[in-house]
>>> print(open('data.cif').read())   # mmCIF, C-alpha atoms and all ligand atoms
data_entry
loop_
_atom_site.group_PDB
_atom_site.id
_atom_site.type_symbol
_atom_site.label_atom_id
_atom_site.label_comp_id
_atom_site.auth_asym_id
_atom_site.auth_seq_id
_atom_site.Cartn_x
_atom_site.Cartn_y
_atom_site.Cartn_z
ATOM 1 C CA MET A 19 20.853 -42.484 37.128
ATOM 2 C CA LYS A 20 17.190 -43.070 37.823
ATOM 3 C CA ILE A 21 14.754 -43.791 34.954
ATOM 4 C CA ARG A 22 13.269 -40.300 35.397
ATOM 5 C CA GLU A 23 16.716 -38.717 34.956
ATOM 6 C CA ILE A 24 17.516 -40.837 31.878
ATOM 7 C CA VAL A 25 14.210 -39.812 30.282
ATOM 8 C CA GLN A 26 14.824 -36.149 31.181
ATOM 9 C CA THR A 27 18.334 -36.276 29.651
ATOM 10 C CA ALA A 28 17.075 -37.991 26.482
ATOM 11 C CA LEU A 29 14.273 -35.412 26.146
ATOM 12 C CA ILE A 30 16.758 -32.543 26.293
ATOM 13 C CA THR A 31 18.970 -34.269 23.689
ATOM 14 C CA ALA A 32 15.846 -34.605 21.518
ATOM 15 C CA THR A 33 15.096 -30.895 22.038
ATOM 16 C CA ILE A 34 18.609 -29.961 20.823
ATOM 17 C CA ILE A 35 18.085 -32.166 17.748
ATOM 18 C CA ILE A 36 14.678 -30.584 17.033
ATOM 19 C CA LEU A 37 16.200 -27.085 17.320
ATOM 20 C CA GLY A 38 18.679 -28.218 14.642
ATOM 21 C CA MET A 39 15.765 -28.616 12.229
ATOM 22 C CA ILE A 40 15.349 -24.836 12.206
ATOM 23 C CA PRO A 41 17.332 -23.824 9.103
ATOM 24 C CA PRO A 42 20.665 -22.112 9.869
ATOM 25 C CA LEU A 43 21.064 -18.503 8.750
ATOM 26 C CA PRO A 44 24.297 -17.965 6.789
ATOM 27 C CA LEU A 45 26.100 -14.692 7.467
ATOM 28 C CA GLY A 46 28.204 -14.617 4.313
ATOM 29 C CA PHE A 47 31.350 -13.083 5.802
ATOM 30 C CA ILE A 48 32.325 -16.146 7.894
ATOM 31 C CA PRO A 49 31.610 -19.853 7.308
ATOM 32 C CA VAL A 50 29.553 -20.076 10.512
ATOM 33 C CA PRO A 51 25.766 -19.591 10.462
ATOM 34 C CA ILE A 52 23.359 -18.326 13.098
ATOM 35 C CA VAL A 53 21.749 -21.437 14.605
ATOM 36 C CA MET A 54 19.169 -22.198 17.283
ATOM 37 C CA GLN A 55 20.883 -25.278 18.685
ATOM 38 C CA ASN A 56 23.007 -23.275 21.105
ATOM 39 C CA LEU A 57 19.769 -22.308 22.877
ATOM 40 C CA GLY A 58 19.231 -26.039 23.483
ATOM 41 C CA ILE A 59 22.800 -26.349 24.773
ATOM 42 C CA MET A 60 22.246 -23.601 27.369
ATOM 43 C CA LEU A 61 18.891 -25.168 28.246
ATOM 44 C CA ALA A 62 20.578 -28.550 28.799
ATOM 45 C CA ALA A 63 23.166 -26.952 31.076
ATOM 46 C CA VAL A 64 20.650 -25.037 33.167
ATOM 47 C CA ILE A 65 17.868 -27.654 33.401
ATOM 48 C CA LEU A 66 20.021 -30.786 33.759
ATOM 49 C CA GLY A 67 23.037 -29.368 35.578
ATOM 50 C CA PRO A 68 26.706 -30.089 34.866
ATOM 51 C CA LYS A 69 26.735 -33.900 34.845
ATOM 52 C CA LYS A 70 23.493 -34.787 33.077
ATOM 53 C CA GLY A 71 23.839 -31.694 30.884
ATOM 54 C CA THR A 72 27.262 -32.874 29.694
ATOM 55 C CA LEU A 73 25.820 -36.355 29.076
ATOM 56 C CA ALA A 74 22.937 -34.949 27.003
ATOM 57 C CA ILE A 75 25.310 -32.869 24.866
ATOM 58 C CA LEU A 76 27.885 -35.666 24.593
ATOM 59 C CA GLY A 77 25.153 -38.015 23.352
ATOM 60 C CA PHE A 78 24.051 -35.431 20.785
ATOM 61 C CA LEU A 79 27.628 -34.780 19.600
ATOM 62 C CA LEU A 80 28.382 -38.523 19.361
ATOM 63 C CA LEU A 81 25.303 -38.988 17.166
ATOM 64 C CA ALA A 82 26.612 -36.170 14.942
ATOM 65 C CA LEU A 83 30.130 -37.625 14.914
ATOM 66 C CA ILE A 84 29.008 -41.076 13.752
ATOM 67 C CA GLY A 85 26.958 -39.577 10.953
ATOM 68 C CA PHE A 86 23.402 -38.903 12.136
ATOM 69 C CA PRO A 87 22.356 -35.604 10.509
ATOM 70 C CA VAL A 88 21.485 -33.934 13.821
ATOM 71 C CA LEU A 89 23.466 -30.701 13.472
ATOM 72 C CA SER A 90 21.809 -27.598 12.045
ATOM 73 C CA GLY A 91 21.208 -27.938 8.320
ATOM 74 C CA GLY A 92 21.414 -31.744 8.592
ATOM 75 C CA GLN A 93 25.184 -31.760 8.930
ATOM 76 C CA ALA A 94 27.131 -34.662 10.467
ATOM 77 C CA GLY A 95 30.384 -36.568 10.429
ATOM 78 C CA PRO A 96 33.970 -36.090 11.629
ATOM 79 C CA ALA A 97 34.693 -33.471 8.923
ATOM 80 C CA VAL A 98 32.290 -31.042 10.628
ATOM 81 C CA PHE A 99 34.189 -31.425 13.913
ATOM 82 C CA ALA A 100 37.485 -30.642 12.174
ATOM 83 C CA GLY A 101 35.953 -27.802 10.140
ATOM 84 C CA PRO A 102 35.191 -24.119 10.793
ATOM 85 C CA THR A 103 32.461 -24.821 13.380
ATOM 86 C CA GLY A 104 34.397 -27.465 15.361
ATOM 87 C CA GLY A 105 35.370 -25.010 18.098
ATOM 88 C CA TYR A 106 31.755 -24.150 18.888
ATOM 89 C CA LEU A 107 30.985 -27.867 19.219
ATOM 90 C CA LEU A 108 33.844 -28.170 21.716
ATOM 91 C CA GLY A 109 32.524 -25.095 23.523
ATOM 92 C CA TRP A 110 29.063 -26.676 23.670
ATOM 93 C CA LEU A 111 30.512 -29.720 25.443
ATOM 94 C CA LEU A 112 32.135 -27.485 28.079
ATOM 95 C CA THR A 113 29.047 -25.300 28.603
ATOM 96 C CA PRO A 114 27.256 -27.393 31.314
ATOM 97 C CA LEU A 115 30.433 -27.677 33.405
ATOM 98 C CA MET A 116 31.122 -23.950 33.146
ATOM 99 C CA ILE A 117 27.531 -22.904 33.872
ATOM 100 C CA GLY A 118 27.292 -25.493 36.666
ATOM 101 C CA TYR A 119 30.509 -24.211 38.223
ATOM 102 C CA GLY A 120 29.364 -20.599 37.984
ATOM 103 C CA LEU A 121 25.919 -21.264 39.422
ATOM 104 C CA SER A 122 27.356 -23.291 42.301
ATOM 105 C CA ARG A 123 29.367 -20.302 43.599
ATOM 106 C CA PRO A 124 27.934 -19.176 46.955
ATOM 107 C CA PHE A 125 27.599 -15.543 45.866
ATOM 108 C CA ILE A 126 25.475 -16.447 42.818
ATOM 109 C CA ASN A 127 22.025 -15.804 44.194
ATOM 110 C CA ARG A 128 20.819 -12.732 42.361
ATOM 111 C CA ARG A 129 18.943 -12.656 39.062
ATOM 112 C CA TRP A 130 21.609 -10.686 37.267
ATOM 113 C CA SER A 131 24.407 -12.936 38.446
ATOM 114 C CA ARG A 132 22.583 -16.057 37.241
ATOM 115 C CA LEU A 133 21.851 -14.492 33.866
ATOM 116 C CA SER A 134 25.468 -13.290 33.647
ATOM 117 C CA ILE A 135 26.795 -16.824 34.281
ATOM 118 C CA ILE A 136 24.556 -18.275 31.555
ATOM 119 C CA TRP A 137 25.660 -15.519 29.162
ATOM 120 C CA PHE A 138 29.333 -15.730 30.055
ATOM 121 C CA ALA A 139 29.635 -19.528 29.690
ATOM 122 C CA GLY A 140 26.893 -20.178 27.130
ATOM 123 C CA VAL A 141 27.587 -17.231 24.822
ATOM 124 C CA LEU A 142 30.943 -15.514 25.394
ATOM 125 C CA LEU A 143 33.033 -18.606 26.126
ATOM 126 C CA VAL A 144 31.557 -20.587 23.212
ATOM 127 C CA ASP A 145 32.006 -17.691 20.791
ATOM 128 C CA VAL A 146 35.620 -17.142 21.907
ATOM 129 C CA ILE A 147 36.527 -20.865 21.615
ATOM 130 C CA GLY A 148 34.728 -20.933 18.254
ATOM 131 C CA SER A 149 36.623 -17.826 17.054
ATOM 132 C CA VAL A 150 40.040 -19.211 18.025
ATOM 133 C CA TRP A 151 39.249 -22.530 16.327
ATOM 134 C CA LEU A 152 37.999 -20.731 13.201
ATOM 135 C CA TRP A 153 41.272 -18.785 13.103
ATOM 136 C CA LEU A 154 43.249 -22.045 13.372
ATOM 137 C CA VAL A 155 41.439 -23.911 10.579
ATOM 138 C CA SER A 156 40.714 -21.119 8.106
ATOM 139 C CA PRO A 157 42.581 -18.283 6.388
ATOM 140 C CA ILE A 158 40.716 -15.762 8.614
ATOM 141 C CA SER A 159 42.918 -13.760 11.031
ATOM 142 C CA LEU A 160 42.357 -14.032 14.793
ATOM 143 C CA ILE A 161 41.156 -10.443 15.037
ATOM 144 C CA GLY A 162 38.953 -10.929 11.961
ATOM 145 C CA SER A 163 37.482 -14.052 13.501
ATOM 146 C CA LEU A 164 36.835 -12.428 16.900
ATOM 147 C CA VAL A 165 35.314 -9.324 15.328
ATOM 148 C CA SER A 166 33.112 -11.381 12.952
ATOM 149 C CA ASN A 167 31.828 -13.371 15.905
ATOM 150 C CA LEU A 168 30.464 -10.181 17.441
ATOM 151 C CA ALA A 169 27.634 -10.653 14.907
ATOM 152 C CA PHE A 170 26.396 -13.608 16.979
ATOM 153 C CA ILE A 171 26.251 -11.748 20.277
ATOM 154 C CA PRO A 172 22.842 -10.006 19.945
ATOM 155 C CA ALA A 173 20.892 -13.170 18.986
ATOM 156 C CA ASP A 174 22.922 -15.347 21.382
ATOM 157 C CA THR A 175 22.184 -12.894 24.207
ATOM 158 C CA LEU A 176 18.445 -13.169 23.486
ATOM 159 C CA LYS A 177 18.773 -16.971 23.611
ATOM 160 C CA ALA A 178 20.552 -16.729 27.000
ATOM 161 C CA VAL A 179 17.755 -14.477 28.318
ATOM 162 C CA ALA A 180 15.132 -16.964 27.055
ATOM 163 C CA VAL A 181 16.926 -19.840 28.834
ATOM 164 C CA TYR A 182 17.180 -17.763 32.009
ATOM 165 C CA LEU A 183 13.442 -16.976 31.896
ATOM 166 C CA VAL A 184 12.560 -20.658 31.389
ATOM 167 C CA ALA A 185 14.768 -21.546 34.378
ATOM 168 C CA GLU A 186 13.127 -18.835 36.516
ATOM 169 C CA ARG A 187 9.710 -20.109 35.511
ATOM 170 C CA MET A 188 10.701 -23.688 36.395
ATOM 171 C CA ARG A 189 12.339 -22.545 39.663
ATOM 172 C CA ILE A 190 15.261 -24.877 39.071
ATOM 173 C CA TRP A 191 17.930 -22.946 40.967
ATOM 174 C CA ASN A 192 18.529 -25.717 43.455
ATOM 175 C CA LYS A 193 21.556 -27.724 44.594
ATOM 176 C CA GLU A 194 20.732 -30.682 42.351
ATOM 177 C CA THR A 195 21.015 -28.714 39.084
ATOM 178 C CA THR A 196 24.135 -26.773 40.025
ATOM 179 C CA ARG A 197 26.145 -29.424 41.868
ATOM 180 C CA LEU A 198 29.399 -30.431 40.153
HETATM 181 C C1 LIG A 201 27.434 -26.652 13.648
HETATM 182 O O1 LIG A 201 26.252 -26.908 13.406
HETATM 183 O O2 LIG A 201 28.380 -27.164 13.016
HETATM 184 C C2 LIG A 201 27.780 -25.698 14.766
HETATM 185 C C3 LIG A 201 27.310 -24.317 14.480
HETATM 186 C C4 LIG A 201 27.854 -23.343 15.505
HETATM 187 C C5 LIG A 201 27.277 -21.972 15.343
HETATM 188 C C6 LIG A 201 27.787 -21.023 16.401
HETATM 189 S S1 LIG A 201 27.190 -21.407 18.025
HETATM 190 C C7 LIG A 201 27.611 -19.828 18.641
HETATM 191 C C8 LIG A 201 27.306 -18.857 17.540
HETATM 192 N N1 LIG A 201 25.931 -18.476 17.578
HETATM 193 C C9 LIG A 201 25.282 -18.837 16.478
HETATM 194 O O3 LIG A 201 24.067 -18.607 16.275
HETATM 195 N N2 LIG A 201 26.104 -19.436 15.630
HETATM 196 C C10 LIG A 201 27.421 -19.583 16.184
#
>>> encode(input="data.cif", output="structure tokens")
Amino acid sequence: MKIREIVQTALITATIIILGMIPPLPLGFIPVPIVMQNLGIMLAAVILGPKKGTLAILGFLLLALIGFPVLSGGQAGPAVFAGPTGGYLLGWLLTPLMIGYGLSRPFINRRWSRLSIIWFAGVLLVDVIGSVWLWLVSPISLIGSLVSNLAFIPADTLKAVAVYLVAERMRIWNKETTRL
């Protein structure tokens, strides 16, 4: 990686950490809050592409794992990864690869298809992985978990639209950011 790419990757990791300083919004009916960090995850995927995006998120998750309070609400440590929100964290790590794969398909050249890919991988996939994980580690049923997660969809969809608009503005739909 060139110096410029390392700086870019570090800046996106820093952006995800800063978004974690926005206080999480508890929902009450499941032990998973509304957060802003997933906007940063989608941003990392779209701006950096699959490889650097994964690196940026891996760096962020490693910081959290070894105890730096970089997750929303100042959370950190291995217990968080094994807890109710662990599945979303796993989903976050997969997001750049999934978005990168989707955007690299030859037929993905329309606005709606790009937005759909960001939404599908950055919102739906993460929420489904998170729901299944939540079901596995808590007394909540699978259906209960999936249905509760529908509460995230409206705000997560707005975040996906915001990321899409930033990407449009930056005109980053090139081979470099979508290549796997
Ligand atoms: C953590 O900080 O431990 C992870 C929180 C995960 C929250 C998930 S991400 C997808 C969905 N949308 C939200 O706003 N919250 C959940």
>>> resolve_selection(input="data.cif", expression="the PyMOL selection byres (((chain A and resi 172-187) around 10) and not hetatm)", output="PDB file with C-alpha atoms, in the frame of the given file")
ATOM      1  CA  ILE A  52      23.359 -18.326  13.098  1.00  0.00           C
ATOM      2  CA  VAL A  53      21.749 -21.437  14.605  1.00  0.00           C
ATOM      3  CA  MET A  54      19.169 -22.198  17.283  1.00  0.00           C
ATOM      4  CA  GLN A  55      20.883 -25.278  18.685  1.00  0.00           C
ATOM      5  CA  ASN A  56      23.007 -23.275  21.105  1.00  0.00           C
ATOM      6  CA  LEU A  57      19.769 -22.308  22.877  1.00  0.00           C
ATOM      7  CA  GLY A  58      19.231 -26.039  23.483  1.00  0.00           C
ATOM      8  CA  ILE A  59      22.800 -26.349  24.773  1.00  0.00           C
ATOM      9  CA  MET A  60      22.246 -23.601  27.369  1.00  0.00           C
ATOM     10  CA  LEU A  61      18.891 -25.168  28.246  1.00  0.00           C
ATOM     11  CA  ALA A  62      20.578 -28.550  28.799  1.00  0.00           C
ATOM     12  CA  ALA A  63      23.166 -26.952  31.076  1.00  0.00           C
ATOM     13  CA  VAL A  64      20.650 -25.037  33.167  1.00  0.00           C
ATOM     14  CA  ILE A  65      17.868 -27.654  33.401  1.00  0.00           C
ATOM     15  CA  ARG A 129      18.943 -12.656  39.062  1.00  0.00           C
ATOM     16  CA  TRP A 130      21.609 -10.686  37.267  1.00  0.00           C
ATOM     17  CA  ARG A 132      22.583 -16.057  37.241  1.00  0.00           C
ATOM     18  CA  LEU A 133      21.851 -14.492  33.866  1.00  0.00           C
ATOM     19  CA  SER A 134      25.468 -13.290  33.647  1.00  0.00           C
ATOM     20  CA  ILE A 135      26.795 -16.824  34.281  1.00  0.00           C
ATOM     21  CA  ILE A 136      24.556 -18.275  31.555  1.00  0.00           C
ATOM     22  CA  TRP A 137      25.660 -15.519  29.162  1.00  0.00           C
ATOM     23  CA  PHE A 138      29.333 -15.730  30.055  1.00  0.00           C
ATOM     24  CA  ALA A 139      29.635 -19.528  29.690  1.00  0.00           C
ATOM     25  CA  GLY A 140      26.893 -20.178  27.130  1.00  0.00           C
ATOM     26  CA  VAL A 141      27.587 -17.231  24.822  1.00  0.00           C
ATOM     27  CA  LEU A 142      30.943 -15.514  25.394  1.00  0.00           C
ATOM     28  CA  ASP A 145      32.006 -17.691  20.791  1.00  0.00           C
ATOM     29  CA  LEU A 168      30.464 -10.181  17.441  1.00  0.00           C
ATOM     30  CA  ALA A 169      27.634 -10.653  14.907  1.00  0.00           C
ATOM     31  CA  PHE A 170      26.396 -13.608  16.979  1.00  0.00           C
ATOM     32  CA  ILE A 171      26.251 -11.748  20.277  1.00  0.00           C
ATOM     33  CA  MET A 188      10.701 -23.688  36.395  1.00  0.00           C
ATOM     34  CA  ARG A 189      12.339 -22.545  39.663  1.00  0.00           C
ATOM     35  CA  ILE A 190      15.261 -24.877  39.071  1.00  0.00           C
ATOM     36  CA  TRP A 191      17.930 -22.946  40.967  1.00  0.00           C
TER      37      TRP A 191
END
>>> resolve_selection(input="data.cif", expression="the PyMOL selection byres (((chain A and resi 24-31) around 7) and not hetatm)", output="ChimeraX atom specification")
/A:19-23,32-35,62,70,74-75,78
>>> atom_distance(input="data.cif", atom1="atom CA of Arg123 of chain A", atom2="atom CA of Leu76 of chain A")
24.5 Å
>>> atom_distance(input="data.cif", atom1="atom CA of Pro114 of chain A", atom2="atom CA of Ile158 of chain A")
28.8 Å
>>> resolve_selection(input="data.cif", expression="the PyMOL selection byres (((chain A and resi 80) around 12) and not hetatm)", output="PyMOL selection string")
chain A and resi 31+72-79+81-89+94-96+99+107-108+111
>>> closest_residue(input="data.cif", among="A:Val155, A:Val98, A:Leu160, A:Leu143", to="ligand LIG 201 (chain A)", atoms="all atoms listed in the file")
A:Val98
>>> decode(input="data.cif", residues="segment 48-108 of chain A", atoms="C-alpha atoms", output="tab-separated table (two decimals), in the first residue's frame")
chain	number	residue	atom	x	y	z
A	48	ILE	CA	-33.75	-6.10	22.44
A	49	PRO	CA	-30.24	-5.66	23.89
A	50	VAL	CA	-29.02	-3.96	20.70
A	51	PRO	CA	-29.08	-0.16	20.34
A	52	ILE	CA	-29.39	2.07	17.30
A	53	VAL	CA	-25.85	3.24	16.50
A	54	MET	CA	-24.18	5.46	13.92
A	55	GLN	CA	-21.06	3.35	13.47
A	56	ASN	CA	-22.64	1.18	10.79
A	57	LEU	CA	-22.78	4.30	8.59
A	58	GLY	CA	-18.98	4.44	8.91
A	59	ILE	CA	-18.76	0.74	8.01
A	60	MET	CA	-20.72	1.28	4.77
A	61	LEU	CA	-18.63	4.37	4.07
A	62	ALA	CA	-15.42	2.35	4.51
A	63	ALA	CA	-16.69	-0.30	2.11
A	64	VAL	CA	-17.75	2.15	-0.58
A	65	ILE	CA	-14.87	4.65	-0.36
A	66	LEU	CA	-12.00	2.20	0.24
A	67	GLY	CA	-13.26	-0.84	-1.64
A	68	PRO	CA	-13.14	-4.47	-0.50
A	69	LYS	CA	-9.48	-4.84	0.48
A	70	LYS	CA	-8.69	-1.53	2.17
A	71	GLY	CA	-12.25	-1.37	3.53
A	72	THR	CA	-11.78	-4.75	5.24
A	73	LEU	CA	-8.41	-3.57	6.60
A	74	ALA	CA	-9.95	-0.38	8.03
A	75	ILE	CA	-12.74	-2.33	9.75
A	76	LEU	CA	-10.39	-5.11	10.91
A	77	GLY	CA	-8.13	-2.48	12.49
A	78	PHE	CA	-11.12	-0.90	14.23
A	79	LEU	CA	-12.43	-4.27	15.48
A	80	LEU	CA	-8.96	-5.33	16.71
A	81	LEU	CA	-8.71	-2.10	18.72
A	82	ALA	CA	-12.11	-2.92	20.25
A	83	LEU	CA	-11.10	-6.53	20.91
A	84	ILE	CA	-7.93	-5.61	22.81
A	85	GLY	CA	-9.83	-3.17	24.98
A	86	PHE	CA	-9.80	0.30	23.40
A	87	PRO	CA	-13.26	1.79	24.07
A	88	VAL	CA	-13.97	2.47	20.39
A	89	LEU	CA	-17.39	0.83	20.06
A	90	SER	CA	-20.54	2.89	20.53
A	91	GLY	CA	-21.05	3.83	24.16
A	92	GLY	CA	-17.34	3.26	24.87
A	93	GLN	CA	-17.66	-0.51	24.83
A	94	ALA	CA	-14.70	-2.85	24.23
A	95	GLY	CA	-13.24	-6.24	24.99
A	96	PRO	CA	-13.81	-9.87	23.98
A	97	ALA	CA	-17.07	-10.09	25.99
A	98	VAL	CA	-18.73	-7.66	23.55
A	99	PHE	CA	-17.77	-9.91	20.62
A	100	ALA	CA	-19.31	-12.93	22.35
A	101	GLY	CA	-22.38	-10.95	23.48
A	102	PRO	CA	-25.68	-9.94	21.87
A	103	THR	CA	-24.07	-7.55	19.34
A	104	GLY	CA	-21.26	-9.90	18.24
A	105	GLY	CA	-23.07	-10.93	15.06
A	106	TYR	CA	-23.31	-7.34	13.81
A	107	LEU	CA	-19.56	-6.95	14.36
A	108	LEU	CA	-18.98	-10.06	12.24
